[in-house]
$ cat data11.cif   # mmCIF, C-alpha atoms and all ligand atoms
data_protein
#
loop_
_atom_site.label_atom_id
_atom_site.label_comp_id
_atom_site.auth_asym_id
_atom_site.auth_seq_id
_atom_site.Cartn_x
_atom_site.Cartn_y
_atom_site.Cartn_z
CA MET W 1 -71.55 -2.01 -74.70
CA PRO W 2 -67.94 -0.99 -74.05
CA LYS W 3 -65.16 -2.91 -75.72
CA VAL W 4 -63.56 -5.13 -73.08
CA ILE W 5 -60.12 -6.61 -73.54
CA GLU W 6 -59.25 -9.33 -71.08
CA GLY W 7 -57.08 -12.42 -71.16
CA HIS W 8 -58.69 -15.84 -71.13
CA LEU W 9 -57.46 -18.80 -69.13
CA ASN W 10 -56.17 -21.11 -71.83
CA ALA W 11 -52.53 -22.13 -71.36
CA GLU W 12 -52.29 -24.40 -74.41
CA GLY W 13 -49.01 -24.00 -76.30
CA ARG W 14 -47.64 -21.48 -73.77
CA ARG W 15 -44.28 -21.83 -72.03
CA PHE W 16 -43.82 -20.95 -68.37
CA ALA W 17 -40.98 -20.68 -65.88
CA ILE W 18 -41.68 -21.03 -62.19
CA VAL W 19 -38.97 -19.38 -60.08
CA ALA W 20 -39.40 -20.61 -56.52
CA ALA W 21 -37.51 -19.92 -53.32
CA ARG W 22 -36.50 -22.95 -51.26
CA PHE W 23 -36.79 -21.21 -47.87
CA ASN W 24 -39.73 -22.51 -45.81
CA SER W 25 -39.79 -25.39 -48.27
CA ILE W 26 -42.68 -27.30 -46.65
CA PHE W 27 -44.92 -24.48 -47.87
CA ALA W 28 -42.91 -23.36 -50.89
CA ASP W 29 -43.09 -26.87 -52.40
CA GLN W 30 -46.87 -26.77 -52.01
CA LEU W 31 -47.00 -23.49 -53.95
CA VAL W 32 -44.89 -25.01 -56.73
CA GLY W 33 -47.20 -28.04 -56.90
CA GLY W 34 -50.25 -25.78 -57.01
CA ALA W 35 -48.79 -23.65 -59.79
CA VAL W 36 -47.81 -26.65 -61.95
CA ASP W 37 -51.22 -28.25 -61.41
CA SER W 38 -52.99 -25.05 -62.38
CA LEU W 39 -50.92 -24.61 -65.56
CA VAL W 40 -51.45 -28.22 -66.66
CA ARG W 41 -55.18 -28.20 -65.88
CA HIS W 42 -55.52 -25.11 -68.07
CA GLY W 43 -53.85 -26.81 -71.02
CA ALA W 44 -50.11 -26.26 -70.63
CA ASN W 45 -47.83 -29.14 -71.54
CA ASP W 46 -45.57 -30.53 -68.78
CA ASP W 47 -42.57 -30.13 -71.10
CA ASP W 48 -43.31 -26.42 -71.45
CA ILE W 49 -42.93 -25.77 -67.71
CA THR W 50 -39.48 -25.18 -66.19
CA VAL W 51 -39.04 -24.93 -62.43
CA VAL W 52 -36.01 -22.96 -61.23
CA ARG W 53 -35.22 -23.03 -57.49
CA CYS W 54 -33.31 -20.33 -55.59
CA PRO W 55 -32.30 -20.00 -51.90
CA GLY W 56 -34.80 -17.45 -50.63
CA SER W 57 -37.35 -14.83 -51.67
CA PHE W 58 -34.64 -12.16 -51.68
CA GLU W 59 -33.07 -13.91 -54.69
CA LEU W 60 -36.33 -14.21 -56.67
CA PRO W 61 -35.93 -10.98 -58.71
CA GLN W 62 -32.25 -11.70 -59.43
CA VAL W 63 -33.00 -15.19 -60.73
CA ALA W 64 -36.18 -14.22 -62.55
CA ALA W 65 -34.30 -11.50 -64.45
CA ARG W 66 -31.79 -14.07 -65.70
CA VAL W 67 -34.55 -16.53 -66.55
CA ALA W 68 -36.26 -13.83 -68.62
CA ASP W 69 -33.01 -13.36 -70.57
CA SER W 70 -32.05 -16.98 -71.01
CA LEU W 71 -35.19 -19.11 -71.28
CA ALA W 72 -37.73 -18.73 -74.07
CA VAL W 73 -40.84 -18.49 -71.91
CA ASP W 74 -44.10 -16.54 -72.21
CA ALA W 75 -44.39 -15.78 -68.49
CA ILE W 76 -42.58 -16.19 -65.19
CA ILE W 77 -44.28 -17.13 -61.92
CA CYS W 78 -42.31 -16.17 -58.80
CA LEU W 79 -43.11 -18.13 -55.66
CA GLY W 80 -41.86 -17.69 -52.11
CA VAL W 81 -42.93 -17.98 -48.50
CA LEU W 82 -42.03 -15.28 -46.00
CA ILE W 83 -42.83 -15.89 -42.36
CA ARG W 84 -42.28 -13.00 -39.97
CA GLY W 85 -39.62 -13.54 -37.30
CA ALA W 86 -38.44 -11.54 -34.33
CA THR W 87 -36.34 -9.09 -36.38
CA PRO W 88 -37.19 -6.68 -39.25
CA HIS W 89 -35.53 -9.00 -41.79
CA PHE W 90 -38.93 -10.06 -43.14
CA ASP W 91 -39.77 -6.50 -44.18
CA TYR W 92 -36.50 -6.00 -46.05
CA ILE W 93 -36.86 -9.27 -47.96
CA ALA W 94 -40.56 -8.72 -48.72
CA ALA W 95 -39.87 -5.19 -50.00
CA GLU W 96 -36.96 -6.33 -52.18
CA ALA W 97 -38.95 -9.22 -53.65
CA ALA W 98 -42.02 -7.11 -54.40
CA LYS W 99 -40.06 -4.19 -55.84
CA GLY W 100 -37.77 -6.37 -57.96
CA ILE W 101 -40.49 -8.64 -59.31
CA GLY W 102 -42.73 -5.66 -60.05
CA ALA W 103 -39.92 -3.83 -61.87
CA LEU W 104 -39.13 -6.90 -63.97
CA GLY W 105 -42.75 -7.18 -65.06
CA THR W 106 -43.00 -3.48 -65.86
CA GLU W 107 -39.69 -3.12 -67.66
CA GLY W 108 -39.46 -6.51 -69.36
CA ASP W 109 -41.44 -7.97 -72.25
CA ILE W 110 -43.23 -10.80 -70.48
CA PRO W 111 -45.59 -10.89 -67.49
CA VAL W 112 -44.13 -11.82 -64.13
CA ALA W 113 -46.60 -13.06 -61.50
CA PHE W 114 -46.08 -12.37 -57.78
CA GLY W 115 -46.81 -15.53 -55.82
CA VAL W 116 -44.95 -14.61 -52.66
CA ILE W 117 -46.93 -15.09 -49.49
CA THR W 118 -46.10 -12.87 -46.52
CA CYS W 119 -47.33 -14.37 -43.27
CA ASP W 120 -47.24 -13.29 -39.66
CA THR W 121 -47.70 -16.85 -38.40
CA LEU W 122 -47.15 -20.47 -39.41
CA GLU W 123 -50.91 -20.90 -39.42
CA GLN W 124 -51.28 -18.23 -42.11
CA ALA W 125 -48.64 -20.03 -44.19
CA ILE W 126 -50.57 -23.30 -43.83
CA GLU W 127 -53.79 -21.57 -44.86
CA ARG W 128 -52.27 -19.97 -47.97
CA SER W 129 -50.32 -22.94 -49.29
CA GLY W 130 -53.16 -25.35 -49.85
CA SER W 131 -55.84 -25.23 -47.16
CA LYS W 132 -58.38 -22.69 -45.85
CA ALA W 133 -57.26 -19.76 -48.00
CA GLY W 134 -56.53 -21.87 -51.09
CA ASN W 135 -53.17 -22.25 -52.76
CA LYS W 136 -51.53 -18.97 -53.74
CA GLY W 137 -49.27 -20.80 -56.20
CA CYS W 138 -52.40 -21.82 -58.14
CA GLU W 139 -53.64 -18.24 -58.12
CA ALA W 140 -50.32 -16.82 -59.31
CA ALA W 141 -50.27 -19.34 -62.18
CA LEU W 142 -53.80 -18.30 -63.19
CA ALA W 143 -52.73 -14.66 -63.20
CA ALA W 144 -49.76 -15.58 -65.42
CA ILE W 145 -52.00 -17.44 -67.91
CA GLU W 146 -54.43 -14.52 -68.05
CA MET W 147 -51.61 -12.01 -68.54
CA VAL W 148 -49.99 -14.01 -71.35
CA ASN W 149 -53.28 -14.02 -73.24
CA LEU W 150 -53.95 -10.37 -72.44
CA TYR W 151 -50.55 -9.31 -73.84
CA HIS W 152 -51.25 -11.43 -76.92
CA ASP W 153 -54.59 -9.69 -77.44
CA LEU W 154 -53.09 -6.23 -76.87
CA HIS W 155 -50.50 -6.75 -79.61
N1 LIG W 201 -36.34 -16.27 -47.31
C1 LIG W 201 -37.65 -16.56 -47.54
O1 LIG W 201 -38.02 -16.88 -48.66
N2 LIG W 201 -38.57 -16.50 -46.50
C2 LIG W 201 -38.24 -16.14 -45.24
O2 LIG W 201 -39.12 -16.13 -44.37
C3 LIG W 201 -36.88 -15.81 -44.99
N3 LIG W 201 -36.50 -15.42 -43.75
C4 LIG W 201 -35.21 -15.10 -43.53
C5 LIG W 201 -34.81 -14.63 -42.26
C6 LIG W 201 -33.49 -14.28 -42.03
C7 LIG W 201 -33.11 -13.79 -40.66
C8 LIG W 201 -32.53 -14.41 -43.06
C9 LIG W 201 -31.07 -14.05 -42.82
C10 LIG W 201 -32.89 -14.84 -44.32
C11 LIG W 201 -34.23 -15.20 -44.57
N4 LIG W 201 -34.62 -15.65 -45.83
C12 LIG W 201 -35.95 -15.90 -46.06
C13 LIG W 201 -33.63 -15.90 -46.89
C14 LIG W 201 -33.39 -14.72 -47.83
O3 LIG W 201 -34.49 -14.62 -48.73
C15 LIG W 201 -32.10 -14.91 -48.63
O4 LIG W 201 -32.10 -16.15 -49.27
C16 LIG W 201 -30.84 -14.82 -47.74
O5 LIG W 201 -30.85 -13.62 -47.02
C17 LIG W 201 -29.55 -14.92 -48.57
O6 LIG W 201 -29.45 -13.83 -49.50
#

$ encode --input "data11.cif" --output "C-alpha cells"
Amino acid sequence: MPKVIEGHLNAEGRRFAIVAARFNSIFADQLVGGAVDSLVRHGANDDDITVVRCPGSFELPQVAARVADSLAVDAIICLGVLIRGATPHFDYIAAEAAKGIGALGTEGDIPVAFGVITCDTLEQAIERSGSKAGNKGCEAALAAIEMVNLYHDLH
C-alpha cells in the first residue's frame, strides 16, 4: 500500500478568516453563510472565525494579503460572485482575483481557498449559492479545513 498523506476535515481549534466581496450581495451573503456553517459543523468555534468584507472580487487578493499579515489565522477563505455583463470587465476581475488569490496561497504560509463563483447568468449564481449546484462557500470552507490539516501533517 502506498503512503497517502491527506488532510482530514476536523476544524476544531483552528482559526479562519473569510474575506468576502460585497458585490452581488444577495448571493455573496449566501456564500458567507455557507462557509461559516461548514466551519462550525466541522468543529470550528464561532469566536475563531473572522469575516472581512470588501467592495468587490477585484479587491479580494489585496485584502486577503493584509489579513494574512495582520490576523493570526490558519487559513483564509476568499468568497465572491462574478456575473458576466455586456462588457469584458468580468474577465479582467476574474483573472485578477484568481491570479492574486493563487499567488497568495503559493507564496504565503497559510492556505487560501478560492470560493469565487464566475457565472454567465443569474440562474447560475442562484444554483451555486445554495440551490441546485450546492453552496460554493461551503465547498471552499471544506477545502480550507482539509488544507490546514494537510499542511499540519506535512510539517
Ligand atoms: N465585483 C464582483 O465581485 N462581481 C462582479 O460581478 C462585478 N462586476 C463589476 C462590473 C463592473 C462594470 C465594474 C466596474 C465593477 C464590478 N465589480 C464586480 C466590482 C469590482 O470587483 C471592484 O470592486 C471595482 O472595480 C472597484 O475596484

$ closest_residue --input "data11.cif" --among "W:Asn10, W:Thr118, W:Thr50, W:Ser70" --to "ligand LIG 201 (chain W)" --atoms "only C-alpha atoms and all ligand atoms"
W:Thr118

$ residues_near_ligand --input "data11.cif" --ligand "ligand LIG 201 (chain W)" --cutoff "6 Å" --atoms "all atoms listed in the file" --output "VMD selection string"
chain W and resid 21 23 55 to 59 80 to 83 89 to 90 93

$ atom_distance --input "data11.cif" --atom1 "CA of Glu12 in chain W" --atom2 "CA of Leu39 in chain W"
9.0 Å

$ atom_distance --input "data11.cif" --atom1 "CA of Asp48 in chain W" --atom2 "CA of Phe114 in chain W"
19.8 Å

$ closest_residue --input "data11.cif" --among "W:Leu60, W:Val148, W:Ala141, W:Ala72" --to "Ala97 in chain W" --atoms "all atoms listed in the file"
W:Leu60

$ atom_distance --input "data11.cif" --atom1 "CA of Ile117 in chain W" --atom2 "CA of Gly85 in chain W"
14.3 Å

$ closest_residue --input "data11.cif" --among "W:Leu142, W:Ala17, W:Cys54, W:Ala95" --to "Asp69 in chain W" --atoms "all atoms listed in the file"
W:Ala17

$ residues_around --input "data11.cif" --residues "Gly43 in chain W" --least-positions-apart "3" --cutoff "10 Å" --atoms "all atoms listed in the file" --output "list in words"
Leu9, Asn10, Ala11, Glu12, Gly13, Arg14, Ser38, Leu39, Val40 and Asp46 of chain W

$ closest_residue --input "data11.cif" --among "W:Lys3, W:Arg53, W:Arg84, W:His8" --to "Leu122 in chain W" --atoms "all atoms listed in the file"
W:Arg84

$ decode --input "data11.cif" --residues "range 15-37 of chain W" --atoms "N, CA, C and O atoms" --output "compact mmCIF listing (two decimals), in the first residue's frame"
# COMPACT_ATOMS: atom_id res chain seq x y z
N ARG W 15 -8.29 28.49 13.39
CA ARG W 15 -8.80 29.86 13.21
C ARG W 15 -8.89 30.19 11.72
O ARG W 15 -7.94 29.88 10.97
N PHE W 16 -9.98 30.79 11.33
CA PHE W 16 -10.21 31.07 9.91
C PHE W 16 -10.61 32.53 9.69
O PHE W 16 -11.31 33.12 10.52
N ALA W 17 -10.18 33.07 8.56
CA ALA W 17 -10.72 34.36 8.10
C ALA W 17 -11.46 34.11 6.80
O ALA W 17 -10.98 33.37 5.92
N ILE W 18 -12.64 34.68 6.71
CA ILE W 18 -13.40 34.66 5.46
C ILE W 18 -13.30 36.07 4.89
O ILE W 18 -13.70 37.03 5.55
N VAL W 19 -12.73 36.21 3.70
CA VAL W 19 -12.68 37.51 3.04
C VAL W 19 -13.71 37.46 1.91
O VAL W 19 -13.59 36.64 0.99
N ALA W 20 -14.74 38.28 2.03
CA ALA W 20 -15.86 38.18 1.09
C ALA W 20 -16.19 39.52 0.44
O ALA W 20 -16.30 40.54 1.11
N ALA W 21 -16.34 39.47 -0.87
CA ALA W 21 -16.75 40.67 -1.61
C ALA W 21 -18.23 40.95 -1.36
O ALA W 21 -19.02 40.03 -1.17
N ARG W 22 -18.58 42.25 -1.36
CA ARG W 22 -19.97 42.62 -1.12
C ARG W 22 -20.79 42.67 -2.41
O ARG W 22 -22.00 42.61 -2.38
N PHE W 23 -20.11 42.80 -3.55
CA PHE W 23 -20.79 42.91 -4.85
C PHE W 23 -21.69 41.70 -5.06
O PHE W 23 -21.31 40.58 -4.72
N ASN W 24 -22.84 41.89 -5.66
CA ASN W 24 -23.83 40.81 -5.83
C ASN W 24 -24.15 40.18 -4.48
O ASN W 24 -24.14 38.94 -4.31
N SER W 25 -24.45 41.04 -3.51
CA SER W 25 -24.51 40.60 -2.12
C SER W 25 -25.61 39.58 -1.83
O SER W 25 -25.47 38.80 -0.89
N ILE W 26 -26.67 39.57 -2.62
CA ILE W 26 -27.73 38.55 -2.38
C ILE W 26 -27.08 37.16 -2.39
O ILE W 26 -27.39 36.31 -1.55
N PHE W 27 -26.16 36.97 -3.34
CA PHE W 27 -25.52 35.66 -3.47
C PHE W 27 -24.28 35.55 -2.58
O PHE W 27 -24.02 34.52 -1.98
N ALA W 28 -23.52 36.67 -2.51
CA ALA W 28 -22.29 36.65 -1.72
C ALA W 28 -22.60 36.34 -0.24
O ALA W 28 -21.87 35.56 0.41
N ASP W 29 -23.69 36.92 0.27
CA ASP W 29 -24.06 36.66 1.67
C ASP W 29 -24.38 35.18 1.89
O ASP W 29 -24.11 34.62 2.96
N GLN W 30 -24.97 34.57 0.88
CA GLN W 30 -25.28 33.13 0.97
C GLN W 30 -23.99 32.30 1.04
O GLN W 30 -23.92 31.30 1.76
N LEU W 31 -22.98 32.73 0.28
CA LEU W 31 -21.69 32.00 0.32
C LEU W 31 -21.04 32.15 1.70
O LEU W 31 -20.49 31.18 2.24
N VAL W 32 -21.14 33.36 2.26
CA VAL W 32 -20.56 33.58 3.60
C VAL W 32 -21.27 32.68 4.62
O VAL W 32 -20.63 31.99 5.42
N GLY W 33 -22.60 32.66 4.55
CA GLY W 33 -23.37 31.81 5.47
C GLY W 33 -23.00 30.34 5.32
O GLY W 33 -22.84 29.62 6.31
N GLY W 34 -22.84 29.90 4.08
CA GLY W 34 -22.46 28.50 3.83
C GLY W 34 -21.09 28.18 4.38
O GLY W 34 -20.87 27.11 4.97
N ALA W 35 -20.16 29.11 4.21
CA ALA W 35 -18.79 28.87 4.69
C ALA W 35 -18.76 28.80 6.22
O ALA W 35 -18.15 27.89 6.80
N VAL W 36 -19.44 29.75 6.87
CA VAL W 36 -19.46 29.75 8.35
C VAL W 36 -20.11 28.45 8.85
O VAL W 36 -19.58 27.78 9.75
N ASP W 37 -21.23 28.09 8.26
CA ASP W 37 -21.94 26.88 8.67
C ASP W 37 -21.04 25.65 8.53
O ASP W 37 -20.97 24.79 9.43
